[in-house]
Protein chains: 2
Amino acid sequence: MLRRPTSRDVAVAAGVSQSTVSIVLAGKWTGRVSPQTAQTVRDAAARLGYRPNLAARNLRLGRTRTVLLVVPTLANPFFGAVYTGAARVAAAHGFGVVVYPWPDAGGPARSPFAAPHEAIDGVLASSLATDTLADLIGVRDAAHDHRTAPGAPLMMLDSDPAGRAPTVNVDVADGMRALVDHLAGLGHRRFWHLAADVDAWTFRTRGRAIADAVAALPDAALARRAAPITIAGARAAVRDWLRAPDSAAGRATALLCDDDVMAAGAYKAVRDAGLDVPRDLSITGFDDILLAEALEPELTTVRLPAEALGERAMSALLEILDGGRPRPLSLPGDLMVRASTARV
Amino acid sequence: MLRRPTSRDVAVAAGVSQSTVSIVLAGKWTGRVSPQTAQTVRDAAARLGYRPNLAARNLRLGRTRTVLLVVPTLANPFFGAVYTGAARVAAAHGFGVVVYPWPDAGGPARSPFAAPHEAIDGVLASSLATDTLADLIGVRDAAHDHRTAPGAPLMMLDSDPAGRAPTVNVDVADGMRALVDHLAGLGHRRFWHLAADVDAWTFRTRGRAIADAVAALPDAALARRAAPITIAGARAAVRDWLRAPDSAAGRATALLCDDDVMAAGAYKAVRDAGLDVPRDLSITGFDDILLAEALEPELTTVRLPAEALGERAMSALLEILDGGRPRPLSLPGDLMVRASTARV
DNA sequence: TATTAGTAGTCATACGTATCACTAAAGCGA
DNA sequence: TCGCTTTAGTGATACGTATGACTACTAATA
């Protein structure tokens with residue numbers, strides 16, 4: 001019956017005590033063990049294929065060097081990129097990252113901590129309602145001591161900065177303003193905003209930014225409709241809009257979509273109506289997912305710095321774990337001017 | 001100094017011993033504790049907000065009820081769907097799933113087990129080279145006892161069934177055959193195959209299936225070129241191909257792409273050449289990602305049952321953990337006939 | 001009454017690690 | 001030789017849980 005080797009097995013093999021093995025393999029405490037002994041221990045460990053038992057280590061230390069990354073869904077590659085950035089920074093600090101899609105998996109009723117990932121030092125959450133999540137996991141006060149969740153420190157990403165947890169965000173307002181300014185520069189004055197029918201900070205912010213930017217233009221008009229974030233949903237909404245434009249403003253010359261996927265649906269509705277993008281209607285998206293470049297014409301949109309966002313958020317969370325208080329941060333998006341926008 | 005409550009704290013609050021708390025909260029062992037006592041314990045636990053310490057439990061039990069899901073990347077939503085299916089089945093059995101993108105994060109040199117996720121009962125790996133991975137983590141023999149990784153049981157998904165680990169696959173060959181038959185039914189006889197330049201089982205299988213299916217047609221011709229799985233890469237390859245068709249067969253009337261993304265690139269190359277899809281060239285993809293429906297014309301492709309795949313693979317892995325030996329399994333893909341294929 | 005069977009719960013222990021408190025030996029100046 | 005410091009290592013312990021072995025008590029049977 002093969003058994004996984006423990007530090008005690010290594011100790012026996014190396015002819016030292018278990019304490020010595022632990023000291024050597026921890027790496028610190030140099031000077032407590034002679035170089036020769038240390039080498040003997042390391043050799044024995046390698047020979048036996050020893051790997052520390054993490055459950056035991058975590059129990060002993062009361063921390064796990066693991067961070068939970070909560071994302072709304074893995075169906076959107078944006079969150080994959082956030083993970084990549086976060087994991088890179090975490091790994092550089094000896095931390096691991098566990099991904100948990102929520103509420104995508106398990107549904108809103110099931111707390112992320114109903115999952116067996118509970119052995120966690122901190123939580124990084126993306127694009128979620130801060131306070132809902134904070135309630136679920138119990139945000140750490142300074143009074144709490146340094147144990148594993150619940151009560152783990154919470155860092156938010158792409159979320160309402162007015163919430164209870166510190167945030168790292170994309171400067172969504174700035175990105176939307178760039179889109180509106182780009183369109184205004186092409187002579188557009190009558191705008192439609194196809195809004196995502198999701199109550200999330202990022203979409204509320206996108207809507208407000210459009211309203212503000214258009215309001216700043218002389219003689220500009222703006223109408224707004226909501227639709228689900230799907231190709232079919234956006235297609236239907238824009239189809240109806242084109243058939244029955246709002247009486248006052250008439251048909252817009254530019255359509256700002258909350259999201260690239262909705263823009264894809266808008267393309268279809270425009271074609272359904274026998275019109276052309278961008279000749280009859282300029283269209284913009286937001287996010288710059290793969291889709292944006294695949295569409296014909298290629299979509300003018302704003303690229304979100306997903307990996308950088310993950311990196312900065314993880315840095316901030318690690319700072320919190322070290323007792324720091326990171327300041328709120330905003331990263332700019334990149335305006336990607338492509339072929340879906342044209343002069344009126 | 002607030003401390004996270006332990007089972008001992010609950011015991012004190014309920015006026016019983018720690019063992020009793022453990023027995024009650026484990027749920028089994030019924031009959032060992034009277035209903036009244038059990039209720040008292042549960043009340044106390046709820047009042048204190050007690051949550052078991054997983055590190056301690058894992059150490060004690062020698063297992064974690066957690067499975068590692070290794071996927072090549074999270075940039076592809078296919079793997080998000082695999083996760084969703086796998087997590088659903090796992091949760092129903094009291095297991096959690098930890099996602100690890102590999103080699104996407106960390107690179108090939110870094111074993112998945114360099115990450116602090118090592119406390120794991122089994123590994124589910126998707127779309128990877130079985131033997132490479134098996135070497136890295138050490139596939140479990142029957143001789144090993146039931147401890148955490150390395151040496152954890154391995155279950156593969158969308159991978160070579162001839163490898164050392166059991167597999168759950170999409171019936172890729174059948175899907176490709178369906179595409180070729182569909183095209184043949186539209187009168188096509190001259191085919192191009194735009195192959196992914198990635199050495200993976202699924203792509204090798206796609207290529208072989210196309211070759212076999214075309215060979216089974218009378219008077220049919222097939223040529224093949226490789227390209228990276230990107231819009232730009234596929235676009236360039238198809239552009240060259242259209243400019244300089246292979247001497248013998250001439251320009252094909254149907255282009256089979258290994259992947260939807262490559263099909264998106266092919267669309268662009270066809271337009272660049274002043275041609276039309278599907279009038280001048282029918283195009284097919286594979287996978288049915290969001291892109292397929294966004295393209296204009298919508299792409300004929302094969303939908304992979306990603307969630308079902310995750311579900312079945314997780315079931316099989318749990319069966320292995322129970323000492324079973326699941327049989328290899330293949331799930332059919334769905335032919336999605338859309339507008340990118342037409343009569344010659 | 002003596003014995004057995006069943007019920008309700010407690011005691012003690014081990015999982016594998018990291019670290020504090022300790023010791024034995026050696027070095028060293030006076 | 002004596003005290004003092006430094007070096008190199010060991011012993012013991014606790015983290016929080018689950019569970020086998022045990023006990024105290026009650027009820028049933030002979």
# chains A, B, ... in the order shown; residues from 1 in each chain; ligands from 1
$ interface_residues --of "chain D" --to "chain B" --cutoff "9 Å" --atoms "only C-alpha atoms (C1' of nucleotides)" --output "list in words"
DC15, DG16, DT17, DA18 and DT19 of chain D
$ residues_around --residues "Leu255 in chain A" --least-positions-apart "3" --cutoff "9 Å" --atoms "only C-alpha atoms (C1' of nucleotides)" --output "ChimeraX atom specification"
/A:190-194,252,263,266,281-285
$ atom_distance --atom1 "CA of Thr66 in chain A" --atom2 "CA of Gly96 in chain A"
4.7 Å
$ interface_residues --of "chain C" --to "chain A" --cutoff "10 Å" --atoms "only C-alpha atoms (C1' of nucleotides)" --output "list in words"
DC15, DG16, DT17, DA18 and DT19 of chain C
$ write_last_selection --atoms "C-alpha atoms (C1' of nucleotides)" --output "compact mmCIF listing (two decimals), in the first residue's frame"
# COMPACT_ATOMS: atom_id res chain seq x y z
C1' DC C 15 -4.20 13.50 10.41
C1' DG C 16 0.89 16.50 8.84
C1' DT C 17 2.76 20.71 9.47
C1' DA C 18 5.36 24.93 11.49
C1' DT C 19 7.37 26.89 15.28
$ select_by_dssp --residues "range 180-284 of chain B" --states "strand (DSSP E)" --output "MDAnalysis selection string"
chainID B and resid 190:196 221:227 254:257 282:284
$ atom_distance --atom1 "CA of Asp181 in chain A" --atom2 "CA of Val277 in chain A"
19.0 Å
$ closest_residue --among "A:Val198, A:Ile231, A:Ala313, A:Leu25" --to "chain B" --atoms "only C-alpha atoms"
A:Ile231
$ atom_distance --atom1 "CA of Ala227 in chain A" --atom2 "CA of Pro161 in chain A"
25.3 Å
$ closest_residue --among "A:Asn169, A:Ser330, A:Asn76, A:Thr30" --to "chain B" --atoms "only C-alpha atoms"
A:Asn76
$ select_by_dssp --residues "range 198-296 of chain B" --states "helix (DSSP H, G or I)" --output "MDAnalysis selection string"
chainID B and resid 201:215 231:243 260:272 290:294
$ residues_around --residues "DA12 in chain D" --least-positions-apart "2" --cutoff "10 Å" --atoms "only C-alpha atoms (C1' of nucleotides)" --output "number ranges by chain"
C: 20-22; D: 10, 14
$ write_last_selection --atoms "C-alpha atoms (C1' of nucleotides)" --output "PDB file, in the first residue's frame"
ATOM      1  C1'  DC C  20       8.504  28.007  20.187  1.00  0.00           C
ATOM      2  C1'  DA C  21      11.340  26.509  23.785  1.00  0.00           C
ATOM      3  C1'  DC C  22      14.876  23.973  24.720  1.00  0.00           C
TER       4       DC C  22
ATOM      5  C1'  DT D  10      15.590  18.196  18.641  1.00  0.00           C
ATOM      6  C1'  DA D  14      -1.312  23.042  18.634  1.00  0.00           C
TER       7       DA D  14
END
$ residues_around --residues "DA28 in chain D" --least-positions-apart "5" --cutoff "10 Å" --atoms "only C-alpha atoms (C1' of nucleotides)" --output "list in words"
DT4, DA5 and DG6 of chain C
$ write_last_selection --atoms "N, CA and C atoms (P, O5', C5', C4', C3', O3' and C1' of nucleotides)" --output "mmCIF file, in the first residue's frame"
data_model
loop_
_atom_site.group_PDB
_atom_site.id
_atom_site.type_symbol
_atom_site.label_atom_id
_atom_site.label_comp_id
_atom_site.auth_asym_id
_atom_site.auth_seq_id
_atom_site.Cartn_x
_atom_site.Cartn_y
_atom_site.Cartn_z
ATOM 1 P P DT C 4 -24.477 -12.158 30.034
ATOM 2 O "O5'" DT C 4 -25.426 -11.392 29.009
ATOM 3 C "C5'" DT C 4 -26.628 -12.022 28.560
ATOM 4 C "C4'" DT C 4 -27.471 -11.018 27.818
ATOM 5 C "C3'" DT C 4 -26.735 -10.260 26.711
ATOM 6 O "O3'" DT C 4 -27.416 -10.457 25.479
ATOM 7 C "C1'" DT C 4 -27.998 -8.775 28.057
ATOM 8 P P DA C 5 -26.872 -9.849 24.126
ATOM 9 O "O5'" DA C 5 -27.793 -8.563 23.951
ATOM 10 C "C5'" DA C 5 -29.211 -8.707 24.022
ATOM 11 C "C4'" DA C 5 -29.860 -7.378 23.688
ATOM 12 C "C3'" DA C 5 -29.173 -6.607 22.560
ATOM 13 O "O3'" DA C 5 -30.188 -6.064 21.725
ATOM 14 C "C1'" DA C 5 -29.193 -5.284 24.528
ATOM 15 P P DG C 6 -29.853 -5.163 20.459
ATOM 16 O "O5'" DG C 6 -30.150 -3.709 21.021
ATOM 17 C "C5'" DG C 6 -31.433 -3.424 21.572
ATOM 18 C "C4'" DG C 6 -31.435 -2.040 22.167
ATOM 19 C "C3'" DG C 6 -30.921 -0.951 21.219
ATOM 20 O "O3'" DG C 6 -31.892 0.089 21.178
ATOM 21 C "C1'" DG C 6 -29.874 -0.778 23.318
#
